[in-house]
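Q: The structure under discussion is supplied below as structure tokens; questions concerning it will follow.
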Amino acid sequence: MVIFFISADYDERQFPDPFRFDMRRTPNEHAAFGLKGPHRCVGEYLARVEIKVLFVELLPCLADIRLNGPVTRLRSSFISGIKHLPVRVSWA
């Protein structure tokens, strides 16, 4: 038996269009960070600070960002993600 934790975030019964990226999706009872379970991610708080810094400090200074090579996905039965995402950035 294999448990695919990431599949919880793509449940059609919970999310009307689970494969469409929507930052404002509500309700958003996703499974990231183990939000409602006993196994909360200890790195959750650091990850939240990093995301806030990205949106508040870095994005306002960004003039352009473009893909600069092939994207390599992480091959795992446990988590889903991107291993390499080469980008070219221009700052304002």
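Residues in the structure tokens are numbered from 1 in each chain, the chains being A, B, ... in the order shown, and ligands are numbered from 1 in the order shown.
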Can you tell me which residues surround segment 54-69 of chain A at a distance of at most 10 Å, considering only C-alpha atoms, apart from same-chain residues fewer than 4 positions away, and format the answer as a list of chain:residue names?

A: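 So, after excluding close chain neighbours, the residues are A:Arg48, A:Val49, A:Glu50, A:His84, A:Leu85, A:Pro86, A:Val87, A:Arg88, A:Val89, A:Ser90, A:Trp91, A:Ala92.
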
Q: Could those selected residues go to a file with C-alpha atoms, as a PDB file, in the first residue's frame?

A:
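Saved the output as part_14.pdb:
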```pdb
ATOM      1  CA  ARG A  48       5.697  31.279   5.977  1.00  0.00           C
ATOM      2  CA  VAL A  49       8.319  33.965   6.702  1.00  0.00           C
ATOM      3  CA  GLU A  50      10.187  33.109   3.501  1.00  0.00           C
ATOM      4  CA  HIS A  84      15.286  22.448 -10.887  1.00  0.00           C
ATOM      5  CA  LEU A  85      13.580  25.599 -12.176  1.00  0.00           C
ATOM      6  CA  PRO A  86      16.106  27.702 -14.094  1.00  0.00           C
ATOM      7  CA  VAL A  87      14.948  31.304 -14.494  1.00  0.00           C
ATOM      8  CA  ARG A  88      16.370  34.568 -15.823  1.00  0.00           C
ATOM      9  CA  VAL A  89      15.558  37.595 -13.678  1.00  0.00           C
ATOM     10  CA  SER A  90      15.654  41.319 -14.461  1.00  0.00           C
ATOM     11  CA  TRP A  91      15.439  43.729 -11.556  1.00  0.00           C
ATOM     12  CA  ALA A  92      13.678  47.085 -11.713  1.00  0.00           C
TER      13      ALA A  92
END
```

Q: Check the smallest atom-to-atom distance from each of A:Gln14, A:Thr72, A:Asn28, A:Ser77 to Val2 of chain A using only C-alpha atoms, then report the winner.

A: A:Ser77

Q: Provide the atom CA of Phe4 of chain A to atom CA of Phe78 of chain A distance in Å, to one decimal place.

A: 6.1 Å

Q: DSSP on the backbone, helix (DSSP H, G or I) only: what residues of chain A does that give? Format it as a PyMOL selection string.

A: chain A and resi 5-10+32-34+44-61

Q: Write the residues of the preceding selection, restricted to N, CA and C atoms, as a PDB file, in the first residue's frame.

A:
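See part-v9.pdb below for the written result:
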```
ATOM      1  N   PHE A   5       0.188  11.545  -0.001  1.00  0.00           N
ATOM      2  CA  PHE A   5      -0.304  12.680   0.772  1.00  0.00           C
ATOM      3  C   PHE A   5      -0.705  13.855  -0.113  1.00  0.00           C
ATOM      4  N   ILE A   6       0.062  14.091  -1.173  1.00  0.00           N
ATOM      5  CA  ILE A   6      -0.204  15.236  -2.043  1.00  0.00           C
ATOM      6  C   ILE A   6      -1.575  15.135  -2.707  1.00  0.00           C
ATOM      7  N   SER A   7      -2.094  13.913  -2.872  1.00  0.00           N
ATOM      8  CA  SER A   7      -3.380  13.749  -3.542  1.00  0.00           C
ATOM      9  C   SER A   7      -4.509  14.425  -2.778  1.00  0.00           C
ATOM     10  N   ALA A   8      -4.348  14.643  -1.488  1.00  0.00           N
ATOM     11  CA  ALA A   8      -5.384  15.315  -0.697  1.00  0.00           C
ATOM     12  C   ALA A   8      -5.634  16.736  -1.185  1.00  0.00           C
ATOM     13  N   ASP A   9      -4.632  17.386  -1.738  1.00  0.00           N
ATOM     14  CA  ASP A   9      -4.785  18.751  -2.226  1.00  0.00           C
ATOM     15  C   ASP A   9      -5.436  18.807  -3.606  1.00  0.00           C
ATOM     16  N   TYR A  10      -5.708  17.644  -4.195  1.00  0.00           N
ATOM     17  CA  TYR A  10      -6.318  17.580  -5.527  1.00  0.00           C
ATOM     18  C   TYR A  10      -7.649  16.837  -5.500  1.00  0.00           C
ATOM     19  N   ALA A  32      -1.057  20.814   3.248  1.00  0.00           N
ATOM     20  CA  ALA A  32       0.312  21.294   3.461  1.00  0.00           C
ATOM     21  C   ALA A  32       0.550  21.612   4.936  1.00  0.00           C
ATOM     22  N   PHE A  33       1.721  21.334   5.398  1.00  0.00           N
ATOM     23  CA  PHE A  33       2.165  21.597   6.772  1.00  0.00           C
ATOM     24  C   PHE A  33       1.412  20.775   7.820  1.00  0.00           C
ATOM     25  N   GLY A  34       0.520  19.860   7.429  1.00  0.00           N
ATOM     26  CA  GLY A  34      -0.232  19.078   8.412  1.00  0.00           C
ATOM     27  C   GLY A  34      -1.079  19.975   9.284  1.00  0.00           C
ATOM     28  N   GLU A  44       7.182  24.914   9.205  1.00  0.00           N
ATOM     29  CA  GLU A  44       6.056  25.725   8.730  1.00  0.00           C
ATOM     30  C   GLU A  44       6.287  27.220   8.944  1.00  0.00           C
ATOM     31  N   TYR A  45       6.754  27.595  10.102  1.00  0.00           N
ATOM     32  CA  TYR A  45       6.881  29.024  10.422  1.00  0.00           C
ATOM     33  C   TYR A  45       7.983  29.679   9.588  1.00  0.00           C
ATOM     34  N   LEU A  46       9.091  28.985   9.403  1.00  0.00           N
ATOM     35  CA  LEU A  46      10.148  29.504   8.549  1.00  0.00           C
ATOM     36  C   LEU A  46       9.658  29.646   7.107  1.00  0.00           C
ATOM     37  N   ALA A  47       8.937  28.649   6.608  1.00  0.00           N
ATOM     38  CA  ALA A  47       8.405  28.698   5.240  1.00  0.00           C
ATOM     39  C   ALA A  47       7.456  29.876   5.066  1.00  0.00           C
ATOM     40  N   ARG A  48       6.631  30.145   6.062  1.00  0.00           N
ATOM     41  CA  ARG A  48       5.697  31.279   5.977  1.00  0.00           C
ATOM     42  C   ARG A  48       6.450  32.611   5.941  1.00  0.00           C
ATOM     43  N   VAL A  49       7.510  32.751   6.722  1.00  0.00           N
ATOM     44  CA  VAL A  49       8.319  33.965   6.702  1.00  0.00           C
ATOM     45  C   VAL A  49       8.998  34.129   5.351  1.00  0.00           C
ATOM     46  N   GLU A  50       9.523  33.046   4.807  1.00  0.00           N
ATOM     47  CA  GLU A  50      10.187  33.109   3.501  1.00  0.00           C
ATOM     48  C   GLU A  50       9.225  33.550   2.406  1.00  0.00           C
ATOM     49  N   ILE A  51       8.016  33.024   2.418  1.00  0.00           N
ATOM     50  CA  ILE A  51       7.010  33.416   1.422  1.00  0.00           C
ATOM     51  C   ILE A  51       6.641  34.885   1.589  1.00  0.00           C
ATOM     52  N   LYS A  52       6.500  35.345   2.823  1.00  0.00           N
ATOM     53  CA  LYS A  52       6.166  36.751   3.068  1.00  0.00           C
ATOM     54  C   LYS A  52       7.270  37.668   2.549  1.00  0.00           C
ATOM     55  N   VAL A  53       8.518  37.316   2.815  1.00  0.00           N
ATOM     56  CA  VAL A  53       9.654  38.110   2.309  1.00  0.00           C
ATOM     57  C   VAL A  53       9.628  38.152   0.786  1.00  0.00           C
ATOM     58  N   LEU A  54       9.349  37.015   0.160  1.00  0.00           N
ATOM     59  CA  LEU A  54       9.278  36.968  -1.298  1.00  0.00           C
ATOM     60  C   LEU A  54       8.247  37.961  -1.823  1.00  0.00           C
ATOM     61  N   PHE A  55       7.045  37.938  -1.286  1.00  0.00           N
ATOM     62  CA  PHE A  55       5.980  38.797  -1.801  1.00  0.00           C
ATOM     63  C   PHE A  55       6.140  40.261  -1.400  1.00  0.00           C
ATOM     64  N   VAL A  56       6.609  40.532  -0.204  1.00  0.00           N
ATOM     65  CA  VAL A  56       6.695  41.915   0.280  1.00  0.00           C
ATOM     66  C   VAL A  56       7.965  42.620  -0.176  1.00  0.00           C
ATOM     67  N   GLU A  57       9.091  41.927  -0.162  1.00  0.00           N
ATOM     68  CA  GLU A  57      10.373  42.572  -0.437  1.00  0.00           C
ATOM     69  C   GLU A  57      10.900  42.358  -1.862  1.00  0.00           C
ATOM     70  N   LEU A  58      10.838  41.134  -2.359  1.00  0.00           N
ATOM     71  CA  LEU A  58      11.467  40.834  -3.643  1.00  0.00           C
ATOM     72  C   LEU A  58      10.597  41.125  -4.859  1.00  0.00           C
ATOM     73  N   LEU A  59       9.343  40.715  -4.836  1.00  0.00           N
ATOM     74  CA  LEU A  59       8.503  40.891  -6.021  1.00  0.00           C
ATOM     75  C   LEU A  59       8.327  42.345  -6.449  1.00  0.00           C
ATOM     76  N   PRO A  60       8.215  43.314  -5.538  1.00  0.00           N
ATOM     77  CA  PRO A  60       8.109  44.709  -5.986  1.00  0.00           C
ATOM     78  C   PRO A  60       9.344  45.194  -6.754  1.00  0.00           C
ATOM     79  N   CYS A  61      10.492  44.560  -6.546  1.00  0.00           N
ATOM     80  CA  CYS A  61      11.733  44.962  -7.224  1.00  0.00           C
ATOM     81  C   CYS A  61      11.949  44.212  -8.533  1.00  0.00           C
TER      82      CYS A  61
END
```

Q: With distances taken over only C-alpha atoms, which residue among A:Arg40, A:Ile79, A:Met1, A:Phe15 lies nearest Pro27 of chain A?

A: A:Phe15

Q: To one decimal place in Å, what is the distance between atom CA of Asp11 of chain A and atom CA of Val42 of chain A?

A: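 Distance reported for this atom pair: 25.0 Å.
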
Q: As number ranges by chain, please: all residues of segment 3-78 of chain A that backbone DSSP puts in strand (DSSP E or B).

A: A: 62-67, 72-73

Q: Taking N, CA and C atoms for each residue, export the selection above as a PDB file, in the first residue's frame.

A:
```pdb
ATOM      1  N   LEU A  62      11.086  43.288  -8.852  1.00  0.00           N
ATOM      2  CA  LEU A  62      11.249  42.430 -10.017  1.00  0.00           C
ATOM      3  C   LEU A  62      10.654  43.080 -11.264  1.00  0.00           C
ATOM      4  N   ALA A  63      11.468  43.213 -12.320  1.00  0.00           N
ATOM      5  CA  ALA A  63      10.974  43.767 -13.579  1.00  0.00           C
ATOM      6  C   ALA A  63      10.479  42.654 -14.493  1.00  0.00           C
ATOM      7  N   ASP A  64      11.190  41.518 -14.524  1.00  0.00           N
ATOM      8  CA  ASP A  64      10.832  40.437 -15.433  1.00  0.00           C
ATOM      9  C   ASP A  64      11.438  39.132 -14.935  1.00  0.00           C
ATOM     10  N   ILE A  65      10.718  38.055 -15.135  1.00  0.00           N
ATOM     11  CA  ILE A  65      11.234  36.724 -14.824  1.00  0.00           C
ATOM     12  C   ILE A  65      10.761  35.784 -15.924  1.00  0.00           C
ATOM     13  N   ARG A  66      11.717  35.009 -16.472  1.00  0.00           N
ATOM     14  CA  ARG A  66      11.403  34.094 -17.573  1.00  0.00           C
ATOM     15  C   ARG A  66      12.083  32.751 -17.338  1.00  0.00           C
ATOM     16  N   LEU A  67      11.428  31.722 -17.829  1.00  0.00           N
ATOM     17  CA  LEU A  67      12.003  30.383 -17.778  1.00  0.00           C
ATOM     18  C   LEU A  67      13.272  30.363 -18.624  1.00  0.00           C
ATOM     19  N   THR A  72      12.831  20.428 -14.163  1.00  0.00           N
ATOM     20  CA  THR A  72      12.976  19.041 -13.727  1.00  0.00           C
ATOM     21  C   THR A  72      12.128  18.834 -12.487  1.00  0.00           C
ATOM     22  N   ARG A  73      11.196  17.897 -12.571  1.00  0.00           N
ATOM     23  CA  ARG A  73      10.330  17.608 -11.428  1.00  0.00           C
ATOM     24  C   ARG A  73      10.991  16.594 -10.500  1.00  0.00           C
TER      25      ARG A  73
END
```
